[in-house]
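Participant: I am attaching a structure below and will ask some questions about it afterwards.
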There are 2 protein chains.
Amino acid sequence: MTKIVQIKQTRIQREKRLLIQKAALQVFSEFGLRGATLDKIAKACGLTKPNILYYYSSKDEIYAEVLQSLLEEWIRPLKDISENGDPLKEILKYVQKKLTMSKTKKQESKLFATEILHGAPLTQNILAGSLKETVDDKVKLLNKWISEEKIAPVDPYHLIFSIWSMTQHYADFDVQVYSLLNTKKRSRIFQDAEDFLLTFFTRCLKQD
Amino acid sequence: MTKIVQIKQTRIQREKRLLIQKAALQVFSEFGLRGATLDKIAKACGLTKPNILYYYSSKDEIYAEVLQSLLEEWIRPLKDISENGDPLKEILKYVQKKLTMSKTKKQESKLFATEILHGAPLTQNILAGSLKETVDDKVKLLNKWISEEKIAPVDPYHLIFSIWSMTQHYADFDVQVYSLLNTKKRSRIFQDAEDFLLTFFTRCLKQD
DNA sequence: TATTTTTTTGACCAAATGGACAACTATTTA
DNA sequence: TAAATAGTTGTCCATTTGGTCAAAAAAATA
């Protein structure tokens with residue numbers, strides 16, 4: 001008796017898996033892993049619960065896959081900071097990219113935040129692995145720029161943390177941010193945020 | 001028939017309610033509202049589940065009370081920014097206070113973050129109410145300082161957001177922060193963070 | 001078009017969980 | 001110390017929820 005392993009996905013499998021992932025991202029980011037239910041995901045994508053379980057063997061597997069595909073995307077922009085560009089410009093470009101992600105990938109940001117907040121049970125190895133590698137690499141670059149007096153001296157690790165926290169704040173804490181701004185400022189929030197952040201980091205890093 | 005309403009709490013009630021609140025904070029901050037179970041809370045404080053429900057009528061009520069008492073404490077430091085002190089010093093003092101809270105009140109920070117992240121169902125009115133009042137008040141003060149040229153011009157709302165996000169990051173994302181730092185830097189993380197933040201805000205706000 | 005394979009679903013199950021309650025114990029008060 | 005009140009718990013229940021399964025429907029293939 002041979003076990004038959006399906007290698008190639010059918011068209012329907014590709015479509016439905018994507019559909020489920022999208023719905024799952026939405027539901028997980030709103031309710032967290034434990035607050036999300038298969039029924040909610042099912043409703044969100046218009047499939048039945050058993051049908052979802054035909055494509056994924058468990059809720060946890062869906063979560064793991066959604067998180068996995070998010071993580072790669074999440075780390076990527078950091079890698080783009082280039083040794084060759086103008087140091088300050090490269091950093092500001094990164095800030096802008098992260099801020100844009102907060103605007104356009106709010107669900108992803110929230111899901112990531114929830115995961116880390118609750119101890120990163122599925123992400124720890126990635127944090128300590130490929131993310132740490134990339135961060136260490138960029139820390140070296142930042143230190144080089146500092147020693148060459150191309151940017152003002154700061155702790156590069158904490159500089160990176162500050163970029164992450166300030167930009168992601170606009171996605172993760174959007175409810176708070178919106179609550180505190182009046183209608184006028186609310187409509188130009190990302191514009192204002194960009195102005196603020198660019199000014200901020202420029203003042204802090206500019207070498208005079 | 002008269003309905004008897006108990007006004008004064010007994011000693012045991014005070015003690016046990018506090019015990020439950022402490023345990024609940026711990027469990028809620030780790031698992032979120034939906035991930036936390038009465039059994040977990042019961043175990044964490046060494047009481048039985050029915051016993052907990054003798055003091056609180058539901059899980060949601062416990063959550064609401066824990067969150068409520070946290071919120072007041074959370075907002076308070078902002079109020080301490082004084083019109084009378086030296087502007088830059090007042091702001092830096094606030095940064096320091098918030099950073100200290102991230103160190104000593106990690107659970108509170110995480111619980112607050114989770115609540116906001118998931119739409120602040122129980123907090124929205126407070127955000128839009130007393131917090132907004134306080135923020136608006138301080139925004140006025142910051143604008144005054146700017147117009148008097150005592151600090152450099154920045155958007156005061158976003159300045160406040162930046163303080164919140166950067167300081168709270170060390171509590172909420174501790175797992176990530178720790179994963180990325182080596183042992184040596186890990187042990188002086190809050191020291192380094194303080195140095196970084198004070199330098200950062202000084203460079204950004206100093207009027208020359 | 002007949003056959004095989006993939007996809008879908010209604011009905012069902014077991015475990016987890018929030019909560020009720022009556023009986024019992026400990027504490028307070030008169 | 002007796003009566004009243006407050007506190008505690010074992011047991012039970014209903015709902016929610018992750019997941020199963022066999023049978024039906026749809027799609028792909030020969």
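How things are named: the first chain in the structure tokens is A, the next is B, and so on; residues count from 1 in each chain; ligands count from 1 in the order shown.
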Considering only C-alpha atoms (C1' of nucleotides), extract the chain A residues located within 8 Å of chain D and return them as a list in words.

Facilitator: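 Contact residues on the first chain: Thr37, Leu38, Ser58 and Lys59 of chain A.
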
Participant: Take the residues from that selection and put them in a file with N, CA, C and O atoms, as a PDB file, in the first residue's frame.

Facilitator:
```
ATOM      1  N   THR A  37     -12.443  32.446  16.001  1.00  0.00           N
ATOM      2  CA  THR A  37     -13.030  31.106  15.914  1.00  0.00           C
ATOM      3  C   THR A  37     -13.113  30.689  14.449  1.00  0.00           C
ATOM      4  O   THR A  37     -13.154  31.545  13.556  1.00  0.00           O
ATOM      5  N   LEU A  38     -13.141  29.403  14.244  1.00  0.00           N
ATOM      6  CA  LEU A  38     -13.269  28.901  12.883  1.00  0.00           C
ATOM      7  C   LEU A  38     -14.569  29.390  12.252  1.00  0.00           C
ATOM      8  O   LEU A  38     -14.620  29.672  11.057  1.00  0.00           O
ATOM      9  N   SER A  58      -6.037  22.363  10.984  1.00  0.00           N
ATOM     10  CA  SER A  58      -6.451  22.918  12.279  1.00  0.00           C
ATOM     11  C   SER A  58      -6.403  24.440  12.251  1.00  0.00           C
ATOM     12  O   SER A  58      -5.800  25.038  11.360  1.00  0.00           O
ATOM     13  N   LYS A  59      -7.019  25.038  13.225  1.00  0.00           N
ATOM     14  CA  LYS A  59      -6.982  26.484  13.357  1.00  0.00           C
ATOM     15  C   LYS A  59      -5.547  26.962  13.523  1.00  0.00           C
ATOM     16  O   LYS A  59      -5.130  27.947  12.908  1.00  0.00           O
TER      17      LYS A  59
END
```

Participant: Mind dumping a table of every chain C residue within 12 Å of chain B, with the nearest atom pair and its distance in Å to one decimal, using only C-alpha atoms (C1' of nucleotides), sorted by chain and rising number, as a tab-separated table?

Facilitator:
```
residue	atom	partner	partner_atom	distance
C:DA16	C1'	B:Thr37	CA	9.8
C:DT17	C1'	B:Thr37	CA	7.3
C:DG18	C1'	B:Leu38	CA	7.7
C:DG19	C1'	B:Ser58	CA	7.8
C:DA20	C1'	B:Pro50	CA	9.2
C:DC21	C1'	B:Pro50	CA	10.1
C:DA26	C1'	B:Ile12	CA	11.6
C:DT27	C1'	B:Ile12	CA	9.9
C:DT28	C1'	B:Thr10	CA	10.2
```

Participant: Any idea which chain B residues end up within 8 Å of chain A if we count only C-alpha atoms, as number ranges by chain please?

Facilitator: B: 29-31, 34-35, 110, 113-114, 116-120, 124, 127-128, 131-132, 135, 154-155, 157-159, 161-162, 165-166, 169, 172-177, 179-181, 192-193, 196, 200-201, 203-204

Participant: Could you please take those selected residues and save N, CA and C atoms as a short mmCIF file (atom, residue, chain, number, x, y, z; two decimals), in the first residue's frame?

Facilitator:
```cif
data_model
loop_
_atom_site.label_atom_id
_atom_site.label_comp_id
_atom_site.auth_asym_id
_atom_site.auth_seq_id
_atom_site.Cartn_x
_atom_site.Cartn_y
_atom_site.Cartn_z
N SER B 29 -3.10 39.83 31.00
CA SER B 29 -2.02 40.44 30.22
C SER B 29 -1.27 39.39 29.40
N GLU B 30 -1.28 38.17 29.89
CA GLU B 30 -0.57 37.12 29.15
C GLU B 30 -1.43 36.53 28.03
N PHE B 31 -2.73 36.39 28.29
CA PHE B 31 -3.57 35.67 27.33
C PHE B 31 -4.64 36.52 26.65
N ARG B 34 -10.03 37.01 25.93
CA ARG B 34 -10.65 35.75 25.50
C ARG B 34 -9.77 34.54 25.78
N GLY B 35 -8.49 34.75 25.82
CA GLY B 35 -7.59 33.64 26.10
C GLY B 35 -7.52 33.31 27.58
N LYS B 110 1.04 45.79 28.84
CA LYS B 110 0.61 44.80 27.86
C LYS B 110 -0.91 44.68 27.81
N ALA B 113 -2.21 47.68 25.99
CA ALA B 113 -1.91 47.55 24.56
C ALA B 113 -2.87 46.58 23.89
N THR B 114 -3.09 45.44 24.51
CA THR B 114 -4.00 44.45 23.93
C THR B 114 -5.39 45.02 23.78
N ILE B 116 -6.33 48.18 23.42
CA ILE B 116 -6.39 49.16 22.33
C ILE B 116 -6.29 48.46 20.97
N LEU B 117 -5.36 47.55 20.92
CA LEU B 117 -5.10 46.80 19.68
C LEU B 117 -6.37 46.14 19.15
N HIS B 118 -7.18 45.65 20.07
CA HIS B 118 -8.38 44.94 19.65
C HIS B 118 -9.61 45.84 19.64
N GLY B 119 -9.36 47.14 19.50
CA GLY B 119 -10.48 48.04 19.28
C GLY B 119 -10.99 48.76 20.50
N ALA B 120 -10.33 48.53 21.65
CA ALA B 120 -10.68 49.27 22.87
C ALA B 120 -12.16 49.24 23.20
N GLN B 124 -12.90 52.97 24.94
CA GLN B 124 -13.13 54.05 23.98
C GLN B 124 -13.64 55.34 24.62
N LEU B 127 -10.86 57.03 26.45
CA LEU B 127 -9.93 57.63 25.50
C LEU B 127 -10.47 58.96 25.00
N ALA B 128 -11.70 58.91 24.56
CA ALA B 128 -12.31 60.10 23.98
C ALA B 128 -12.74 61.10 25.05
N LEU B 131 -8.97 61.13 28.87
CA LEU B 131 -7.63 61.15 28.28
C LEU B 131 -7.51 62.27 27.26
N LYS B 132 -8.53 62.38 26.43
CA LYS B 132 -8.50 63.44 25.41
C LYS B 132 -8.38 64.82 26.04
N VAL B 135 -4.85 65.28 27.20
CA VAL B 135 -3.95 65.44 26.06
C VAL B 135 -4.11 66.83 25.45
N VAL B 154 7.38 71.35 16.86
CA VAL B 154 6.95 70.01 16.40
C VAL B 154 5.45 69.93 16.58
N ASP B 155 4.86 68.96 15.91
CA ASP B 155 3.44 68.70 16.13
C ASP B 155 3.29 68.07 17.52
N TYR B 157 0.79 66.74 19.20
CA TYR B 157 0.11 65.44 19.27
C TYR B 157 1.07 64.31 18.95
N HIS B 158 1.77 64.48 17.85
CA HIS B 158 2.65 63.40 17.42
C HIS B 158 3.86 63.27 18.35
N LEU B 159 4.21 64.37 18.97
CA LEU B 159 5.27 64.28 19.99
C LEU B 159 4.83 63.38 21.13
N PHE B 161 2.49 61.06 20.99
CA PHE B 161 2.45 59.69 20.47
C PHE B 161 3.83 59.05 20.47
N SER B 162 4.82 59.84 20.08
CA SER B 162 6.17 59.28 19.99
C SER B 162 6.71 58.89 21.37
N SER B 165 4.82 55.64 22.31
CA SER B 165 5.19 54.44 21.56
C SER B 165 6.59 53.97 21.91
N MET B 166 7.52 54.90 21.98
CA MET B 166 8.90 54.50 22.22
C MET B 166 9.10 53.92 23.60
N HIS B 169 7.12 50.51 24.05
CA HIS B 169 7.72 49.44 23.25
C HIS B 169 8.56 48.49 24.10
N ASP B 172 5.83 46.26 25.92
CA ASP B 172 4.94 45.48 25.07
C ASP B 172 5.69 44.50 24.17
N PHE B 173 6.81 44.94 23.65
CA PHE B 173 7.58 44.11 22.72
C PHE B 173 8.83 43.55 23.37
N ASP B 174 8.80 43.39 24.67
CA ASP B 174 9.99 42.93 25.39
C ASP B 174 10.58 41.65 24.80
N VAL B 175 9.70 40.75 24.39
CA VAL B 175 10.21 39.49 23.84
C VAL B 175 11.09 39.74 22.62
N GLN B 176 10.62 40.63 21.77
CA GLN B 176 11.39 40.95 20.57
C GLN B 176 12.70 41.66 20.94
N VAL B 177 12.57 42.66 21.78
CA VAL B 177 13.74 43.43 22.19
C VAL B 177 14.81 42.51 22.79
N SER B 179 15.12 39.32 22.36
CA SER B 179 15.65 38.37 21.37
C SER B 179 16.76 38.96 20.54
N LEU B 180 16.72 40.28 20.35
CA LEU B 180 17.65 40.90 19.41
C LEU B 180 18.93 41.40 20.06
N LEU B 181 18.91 41.49 21.38
CA LEU B 181 20.10 41.99 22.06
C LEU B 181 20.92 40.83 22.63
N ASP B 192 20.38 51.83 28.66
CA ASP B 192 20.62 52.24 27.28
C ASP B 192 19.41 52.96 26.69
N ALA B 193 18.24 52.41 26.98
CA ALA B 193 17.01 53.02 26.47
C ALA B 193 16.86 54.44 26.99
N PHE B 196 19.36 56.71 25.32
CA PHE B 196 18.93 56.95 23.95
C PHE B 196 17.78 57.95 23.89
N PHE B 200 17.81 61.60 22.33
CA PHE B 200 16.92 61.75 21.19
C PHE B 200 16.01 62.97 21.33
N PHE B 201 15.29 63.01 22.43
CA PHE B 201 14.33 64.10 22.61
C PHE B 201 15.03 65.45 22.84
N ARG B 203 17.95 66.36 21.47
CA ARG B 203 18.37 66.84 20.15
C ARG B 203 17.20 67.37 19.36
N CYS B 204 16.07 66.73 19.55
CA CYS B 204 14.92 67.07 18.74
C CYS B 204 14.19 68.32 19.21
#
```

Participant: Would you return as a PyMOL selection string the members of stretch 37-186 of chain A that DSSP assigns to helix (DSSP H, G or I) on this structure's backbone?

Facilitator: chain A and resi 38-45+49-55+59-79+87-104+106-117+124-147+156-172+174-180+183-186

Participant: Taking only C-alpha atoms into account, name the residue in A:Pro87, A:Ser187, A:Arg76, A:Leu92 that is nearest to A:Ile146.

Facilitator: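 Using only C-alpha atoms, A:Ile146 sits closest to A:Pro87.
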
Participant: How many Å lie between atom CA of A:Lys138 and atom CA of A:Ile81, rounded to one decimal?

Facilitator: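 Result for atom CA of A:Lys138 versus atom CA of A:Ile81: 7.7 Å, one decimal.
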
Participant: One decimal, Å: what's the distance from atom CA of A:Pro77 over to atom CA of A:Lys97, could you say?

Facilitator: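 So the answer is 7.2 Å.
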
Participant: Mind giving me the straight-line distance from atom CA of A:Glu15 to atom C1' of C:DT7 in Å, one decimal?

Facilitator: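 If I compute the distance from atom CA of A:Glu15 to atom C1' of C:DT7, I get 12.6 Å.
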